[in-house]
Amino acid sequence: MTEPVETASLETTGQGWTLALDPSQTRVLVNGFQSWSEAEVRPLTAKQAVPLMAWRQQQGHDPAFLPSGEAGVWRSHTLIALIRPDGSGYVGHSLDESRSFAHWEARASGSQVSVSLKVEGPSIPIVFTETVNVTLTLEQLSAQLAHTMKARTPPPLRVWCSWYSYYRGVTLQNMLDNAHASRDRALPFDVFQLDDGFQADLGDWTLPSGHFGGHARDLPVGLGELGFAAGIWLAPFLAGPESELFRTHPEWTLKGEDGLPLPIGHNWGGPYYGLDTTHPEVLAWLRDLAREVVGWGYTYLKLDFLFAGAMPGVRHDQSKTRAEAYRMGLVALREGAGDETFLLLCGAPLASSIGVADAMRTGPDVATLWDDESRRVWLGDATGPAARNAVHTALSRWYQHTWYQPDPDVMIARRELSLLSSAERHTLLGLLDVVGGLRASSDPIDMLDDEGLTLLRRALEISTPDRPRTLAQSFGGAATHFTRGTFNLTDAPQDGIQAHGYREHAHD
Ligand code: 9PG
């Protein structure tokens, strides 16, 4: 016996459905909590990976709703889809995540599939529906969520970012040198974005690091003279344990049950704290920070590690849900930055950012290697920097282009200082083309020969988003079969496409 499937939208805090689907013939599409969490399309009977280490569960996932770690049980945020071999199936979708999080679970049970939904927060409109075309229904419901939450989708920008070549060692001179080299070669960048490394500590954004060779406020004028807008990275919800911010305001952090500041992740060689975004003084500080940085001449802010605003913990205003607390912090940043400033969010809860974000990182970091197998396979963590992880997740979120401009992360066109093969570089190019969002590069421009420059110029060509031509087939557990081309994310040739490769379909 199967229960009737709701086709209309309903207001709910929870619900369950039993579906007449053969688990061995069903694929599942899931969406992870934040930018770096996995999104994928897998056989329902496969096992959803969960990181072994607690600090990776915090930094890559929602610790309050982790992946199951169990074969045949798949957890997903905001939406879920079940796909039959003919492309029909079921789609569940939340239609408002401004105050609540929707937690979906699909479970293979005998010859049936059960689906459950739990809403964390006030009841929200949701849809759970059967469909002859999962791809189309998912796109339509996602667009409906975007509409309800008043999504911002400004035109995509072409960005040079310092992270993937200079990392934390970046200097003011590196930025200017690359801007000069780009102007000399007439590379069509809109923005030069300074990443992590310019600041004295996490939270001490207005104090320069020792090695930066200047102050971040001195950069926009130089970039402007070369014809580029200025962008800067901030992790505005974090406080380093040694920072001046934490020393002067330990009371501004998210607390544990013991009343002490709660470490909420581990990076930069140690743990860090998160700010309590329900605290009025924190909100005022966030507004002032964004206003100050925009006052330095930055028109593009990359706001990173934003999941910190949504971590479980004890807050100043305990009546707020995690989604509300997160959004309060985000809105404060938007108010300080102003409506005209372009906000790219990263490491951020996805759906709860709609309406405030201009753009969103929709996968893990690209890196100069294809796969970080020890971390992905042995530690169960596919949220770390690797080209494969970035492609896998960003492709499986193709439909999110109605929520914000998707940022699938940078192209790597250089051959120096990179272990990527030519096929893997072309796969990154294919990713940018089918996702159709922001364009970014981090290559030191002087490192590019003619071939590298040609590849980079192609990566900077804005395209419209593509769609999967099927979700019932996949070369590597993601949405891989698009109308413009097919990705092979596996380690063996598939259908004539080399391992890690991308084949564009012939145009008529
Ligand atoms: C700056 C970087 C860059 C980058 C961001 C973010 O899981 N991890 O180990 C992990 C490492 C780095 C990271 C994200 C996750 O990078 O995505 O673009 O801005 O911060 O520190």
# chains A, B, ... in the order shown; residues from 1 in each chain; ligands from 1
$ residues_near_ligand --ligand "ligand 1" --cutoff "10 Å" --atoms "only C-alpha atoms and all ligand atoms" --output "count of residues only"
51
$ residues_around --residues "range 83-86 of chain A" --least-positions-apart "6" --cutoff "7 Å" --atoms "only C-alpha atoms" --output "list in words"
Gln25, Thr26, Arg27, Val28, Val134 and Ala472 of chain A
$ write_last_selection --atoms "N, CA, C and O atoms" --output "PDB file, in the first residue's frame"
ATOM      1  N   GLN A  25      16.341   0.275  -8.215  1.00  0.00           N
ATOM      2  CA  GLN A  25      16.210   0.960  -9.512  1.00  0.00           C
ATOM      3  C   GLN A  25      16.084   2.475  -9.345  1.00  0.00           C
ATOM      4  O   GLN A  25      15.705   3.158 -10.277  1.00  0.00           O
ATOM      5  N   THR A  26      16.375   2.967  -8.150  1.00  0.00           N
ATOM      6  CA  THR A  26      16.121   4.385  -7.858  1.00  0.00           C
ATOM      7  C   THR A  26      17.422   5.121  -7.585  1.00  0.00           C
ATOM      8  O   THR A  26      18.306   4.613  -6.899  1.00  0.00           O
ATOM      9  N   ARG A  27      17.527   6.340  -8.129  1.00  0.00           N
ATOM     10  CA  ARG A  27      18.650   7.214  -7.795  1.00  0.00           C
ATOM     11  C   ARG A  27      18.133   8.361  -6.937  1.00  0.00           C
ATOM     12  O   ARG A  27      16.961   8.717  -7.009  1.00  0.00           O
ATOM     13  N   VAL A  28      19.029   8.937  -6.140  1.00  0.00           N
ATOM     14  CA  VAL A  28      18.617  10.020  -5.258  1.00  0.00           C
ATOM     15  C   VAL A  28      19.502  11.240  -5.509  1.00  0.00           C
ATOM     16  O   VAL A  28      20.713  11.100  -5.718  1.00  0.00           O
ATOM     17  N   VAL A 134      11.723  14.674 -13.344  1.00  0.00           N
ATOM     18  CA  VAL A 134      12.316  15.178 -12.102  1.00  0.00           C
ATOM     19  C   VAL A 134      13.135  16.450 -12.357  1.00  0.00           C
ATOM     20  O   VAL A 134      13.045  17.423 -11.605  1.00  0.00           O
ATOM     21  N   ALA A 472      19.278   9.958 -14.689  1.00  0.00           N
ATOM     22  CA  ALA A 472      19.188   8.512 -14.463  1.00  0.00           C
ATOM     23  C   ALA A 472      20.515   7.821 -14.757  1.00  0.00           C
ATOM     24  O   ALA A 472      20.722   6.674 -14.418  1.00  0.00           O
TER      25      ALA A 472
END
$ select_by_dssp --residues "range 116-364 of chain A" --states "alpha helix (DSSP H)" --output "VMD selection string"
chain A and resid 134 to 148 163 to 166 172 to 184 219 to 225 244 to 248 280 to 295 322 to 337
$ closest_atom_pairs --of "range 340-451 of chain A" --to "range 495-508 of chain A" --cutoff "8 Å" --atoms "only C-alpha atoms" --output "Markdown table"
| residue | atom | partner | partner_atom | distance |
| --- | --- | --- | --- | --- |
| A:Arg388 | CA | A:His500 | CA | 7.9 |
| A:Ala423 | CA | A:Gly501 | CA | 5.2 |
| A:Glu424 | CA | A:His500 | CA | 5.8 |
| A:His426 | CA | A:Tyr502 | CA | 6.7 |
| A:Thr427 | CA | A:Tyr502 | CA | 5.0 |
| A:Gly430 | CA | A:Tyr502 | CA | 6.6 |
$ closest_residue --among "A:Tyr399, A:Phe228, A:Trp378, A:Trp104" --to "Gly92 in chain A" --atoms "only C-alpha atoms"
A:Trp104
$ select_by_dssp --residues "range 382-506 of chain A" --states "strand (DSSP E or B)" --output "MDAnalysis selection string"
chainID A and resid 405:407 411 439:441 468:470 481:482 485:487 494 497 502:504
$ write_last_selection --atoms "N, CA, C and O atoms" --output "CSV table (one decimal), in the first residue's frame"
chain,number,residue,atom,x,y,z
A,405,GLN,N,23.8,34.1,-8.3
A,405,GLN,CA,24.7,33.7,-9.4
A,405,GLN,C,25.6,32.6,-8.8
A,405,GLN,O,26.3,32.9,-7.8
A,406,PRO,N,25.6,31.4,-9.4
A,406,PRO,CA,26.5,30.4,-8.8
A,406,PRO,C,27.9,30.7,-9.1
A,406,PRO,O,28.3,31.2,-10.2
A,407,ASP,N,28.8,30.3,-8.2
A,407,ASP,CA,30.2,30.5,-8.4
A,407,ASP,C,30.8,29.1,-8.2
A,407,ASP,O,31.0,28.6,-7.0
A,411,MET,N,38.9,28.7,-12.5
A,411,MET,CA,39.6,28.0,-13.5
A,411,MET,C,41.0,27.9,-13.1
A,411,MET,O,41.5,28.9,-12.6
A,439,ARG,N,32.7,33.9,-13.2
A,439,ARG,CA,34.0,33.4,-13.8
A,439,ARG,C,35.1,33.9,-13.0
A,439,ARG,O,35.2,35.0,-12.6
A,440,ALA,N,36.0,33.0,-12.6
A,440,ALA,CA,37.1,33.4,-11.8
A,440,ALA,C,38.4,32.7,-12.2
A,440,ALA,O,38.4,31.5,-12.7
A,441,SER,N,39.5,33.3,-11.9
A,441,SER,CA,40.8,32.8,-12.2
A,441,SER,C,41.7,33.2,-11.0
A,441,SER,O,41.5,34.2,-10.4
A,468,PRO,N,20.9,19.2,-17.2
A,468,PRO,CA,21.2,17.8,-17.4
A,468,PRO,C,20.2,17.3,-18.5
A,468,PRO,O,19.1,17.7,-18.5
A,469,ARG,N,20.7,16.4,-19.4
A,469,ARG,CA,19.8,15.7,-20.3
A,469,ARG,C,19.2,14.5,-19.6
A,469,ARG,O,18.2,14.0,-20.1
A,470,THR,N,19.9,14.0,-18.6
A,470,THR,CA,19.3,12.9,-17.8
A,470,THR,C,20.0,12.9,-16.4
A,470,THR,O,21.1,13.3,-16.2
A,481,HIS,N,25.6,14.3,-17.1
A,481,HIS,CA,25.2,14.2,-18.5
A,481,HIS,C,24.4,15.5,-18.9
A,481,HIS,O,23.1,15.5,-18.7
A,482,PHE,N,25.0,16.5,-19.4
A,482,PHE,CA,24.4,17.8,-19.7
A,482,PHE,C,24.1,17.8,-21.2
A,482,PHE,O,24.5,17.0,-22.0
A,485,GLY,N,27.3,18.7,-23.0
A,485,GLY,CA,28.5,17.8,-23.0
A,485,GLY,C,28.3,16.9,-21.8
A,485,GLY,O,27.4,17.0,-21.0
A,486,THR,N,29.3,15.9,-21.7
A,486,THR,CA,29.2,14.9,-20.7
A,486,THR,C,30.5,14.9,-19.9
A,486,THR,O,31.6,14.9,-20.5
A,487,PHE,N,30.4,14.8,-18.6
A,487,PHE,CA,31.6,14.7,-17.7
A,487,PHE,C,31.8,13.3,-17.3
A,487,PHE,O,30.9,12.6,-17.0
A,494,GLN,N,34.9,6.2,-19.9
A,494,GLN,CA,33.4,5.8,-20.0
A,494,GLN,C,32.9,6.3,-21.3
A,494,GLN,O,33.1,7.5,-21.6
A,497,ILE,N,35.0,8.6,-23.2
A,497,ILE,CA,35.5,9.9,-22.6
A,497,ILE,C,36.6,9.4,-21.6
A,497,ILE,O,36.3,8.6,-20.8
A,502,TYR,N,36.0,15.6,-20.1
A,502,TYR,CA,34.7,16.3,-20.5
A,502,TYR,C,34.6,16.2,-22.0
A,502,TYR,O,35.6,16.6,-22.7
A,503,ARG,N,33.5,15.7,-22.6
A,503,ARG,CA,33.3,15.7,-24.0
A,503,ARG,C,32.2,16.6,-24.4
A,503,ARG,O,31.1,16.4,-23.9
A,504,GLU,N,32.5,17.6,-25.2
A,504,GLU,CA,31.5,18.5,-25.6
A,504,GLU,C,30.7,17.9,-26.8
A,504,GLU,O,31.3,17.2,-27.6
$ atom_distance --atom1 "CA of Val435 in chain A" --atom2 "CA of Ala179 in chain A"
26.1 Å
$ decode --residues "range 226-265 of chain A" --atoms "N, CA and C atoms" --output "compact mmCIF listing (two decimals), in the first residue's frame"
# COMPACT_ATOMS: atom_id res chain seq x y z
N LEU A 226 43.96 50.99 -13.02
CA LEU A 226 44.17 49.99 -14.08
C LEU A 226 42.84 49.54 -14.70
N GLY A 227 41.75 50.09 -14.20
CA GLY A 227 40.44 49.81 -14.80
C GLY A 227 39.69 48.66 -14.15
N PHE A 228 40.11 48.27 -12.94
CA PHE A 228 39.44 47.13 -12.29
C PHE A 228 38.74 47.56 -11.00
N ALA A 229 37.61 46.93 -10.72
CA ALA A 229 36.96 47.11 -9.42
C ALA A 229 37.73 46.31 -8.39
N ALA A 230 37.57 46.68 -7.11
CA ALA A 230 38.31 46.02 -6.04
C ALA A 230 37.40 45.12 -5.22
N GLY A 231 37.89 43.90 -4.94
CA GLY A 231 37.15 42.96 -4.10
C GLY A 231 38.02 42.52 -2.94
N ILE A 232 37.39 42.12 -1.85
CA ILE A 232 38.15 41.68 -0.67
C ILE A 232 37.41 40.55 0.03
N TRP A 233 38.20 39.66 0.65
CA TRP A 233 37.69 38.51 1.40
C TRP A 233 37.57 38.86 2.87
N LEU A 234 36.48 38.43 3.49
CA LEU A 234 36.33 38.54 4.95
C LEU A 234 35.66 37.27 5.44
N ALA A 235 36.01 36.83 6.64
CA ALA A 235 35.25 35.77 7.30
C ALA A 235 34.59 36.44 8.51
N PRO A 236 33.54 37.21 8.26
CA PRO A 236 33.07 38.19 9.26
C PRO A 236 32.43 37.58 10.50
N PHE A 237 32.04 36.28 10.43
CA PHE A 237 31.42 35.66 11.61
C PHE A 237 32.45 34.91 12.46
N LEU A 238 33.74 34.98 12.11
CA LEU A 238 34.75 34.24 12.87
C LEU A 238 35.57 35.16 13.78
N ALA A 239 36.06 34.55 14.86
CA ALA A 239 36.99 35.25 15.75
C ALA A 239 38.12 34.28 16.09
N GLY A 240 39.36 34.65 15.78
CA GLY A 240 40.52 33.82 16.11
C GLY A 240 40.77 33.86 17.61
N PRO A 241 41.23 32.74 18.19
CA PRO A 241 41.44 32.70 19.65
C PRO A 241 42.47 33.73 20.14
N GLU A 242 43.40 34.13 19.25
CA GLU A 242 44.42 35.11 19.65
C GLU A 242 44.06 36.52 19.19
N SER A 243 42.91 36.68 18.57
CA SER A 243 42.59 37.98 17.95
C SER A 243 42.27 39.02 19.02
N GLU A 244 42.45 40.26 18.61
CA GLU A 244 42.07 41.38 19.46
C GLU A 244 40.54 41.36 19.67
N LEU A 245 39.84 40.99 18.61
CA LEU A 245 38.37 40.92 18.70
C LEU A 245 37.95 39.98 19.83
N PHE A 246 38.54 38.80 19.88
CA PHE A 246 38.16 37.82 20.90
C PHE A 246 38.62 38.27 22.29
N ARG A 247 39.82 38.86 22.34
CA ARG A 247 40.34 39.34 23.64
C ARG A 247 39.43 40.42 24.21
N THR A 248 38.97 41.32 23.36
CA THR A 248 38.17 42.44 23.89
C THR A 248 36.69 42.08 24.04
N HIS A 249 36.20 41.11 23.25
CA HIS A 249 34.76 40.79 23.31
C HIS A 249 34.48 39.30 23.33
N PRO A 250 35.00 38.59 24.36
CA PRO A 250 34.68 37.15 24.41
C PRO A 250 33.18 36.91 24.56
N GLU A 251 32.47 37.91 25.06
CA GLU A 251 31.01 37.76 25.28
C GLU A 251 30.23 37.81 23.96
N TRP A 252 30.88 38.13 22.87
CA TRP A 252 30.18 38.21 21.57
C TRP A 252 30.12 36.86 20.86
N THR A 253 30.74 35.83 21.42
CA THR A 253 30.79 34.55 20.69
C THR A 253 29.61 33.64 21.04
N LEU A 254 29.37 32.71 20.13
CA LEU A 254 28.42 31.62 20.37
C LEU A 254 28.98 30.79 21.52
N LYS A 255 28.09 30.37 22.44
CA LYS A 255 28.54 29.66 23.64
C LYS A 255 28.08 28.19 23.63
N GLY A 256 28.78 27.39 24.43
CA GLY A 256 28.33 26.03 24.68
C GLY A 256 27.35 26.02 25.85
N GLU A 257 26.84 24.84 26.20
CA GLU A 257 25.91 24.72 27.33
C GLU A 257 26.57 25.16 28.63
N ASP A 258 27.92 25.07 28.68
CA ASP A 258 28.66 25.46 29.88
C ASP A 258 28.88 26.98 29.97
N GLY A 259 28.37 27.71 28.99
CA GLY A 259 28.49 29.16 29.01
C GLY A 259 29.82 29.67 28.48
N LEU A 260 30.68 28.77 28.06
CA LEU A 260 32.00 29.19 27.54
C LEU A 260 31.96 29.33 26.02
N PRO A 261 32.83 30.20 25.47
CA PRO A 261 32.91 30.32 24.01
C PRO A 261 33.14 28.94 23.38
N LEU A 262 32.40 28.69 22.30
CA LEU A 262 32.37 27.36 21.69
C LEU A 262 33.24 27.32 20.44
N PRO A 263 34.30 26.50 20.42
CA PRO A 263 35.03 26.37 19.15
C PRO A 263 34.10 25.71 18.12
N ILE A 264 34.01 26.29 16.91
CA ILE A 264 33.04 25.76 15.95
C ILE A 264 33.69 25.22 14.68
N GLY A 265 35.02 25.19 14.63
CA GLY A 265 35.69 24.65 13.46
C GLY A 265 37.18 24.71 13.68
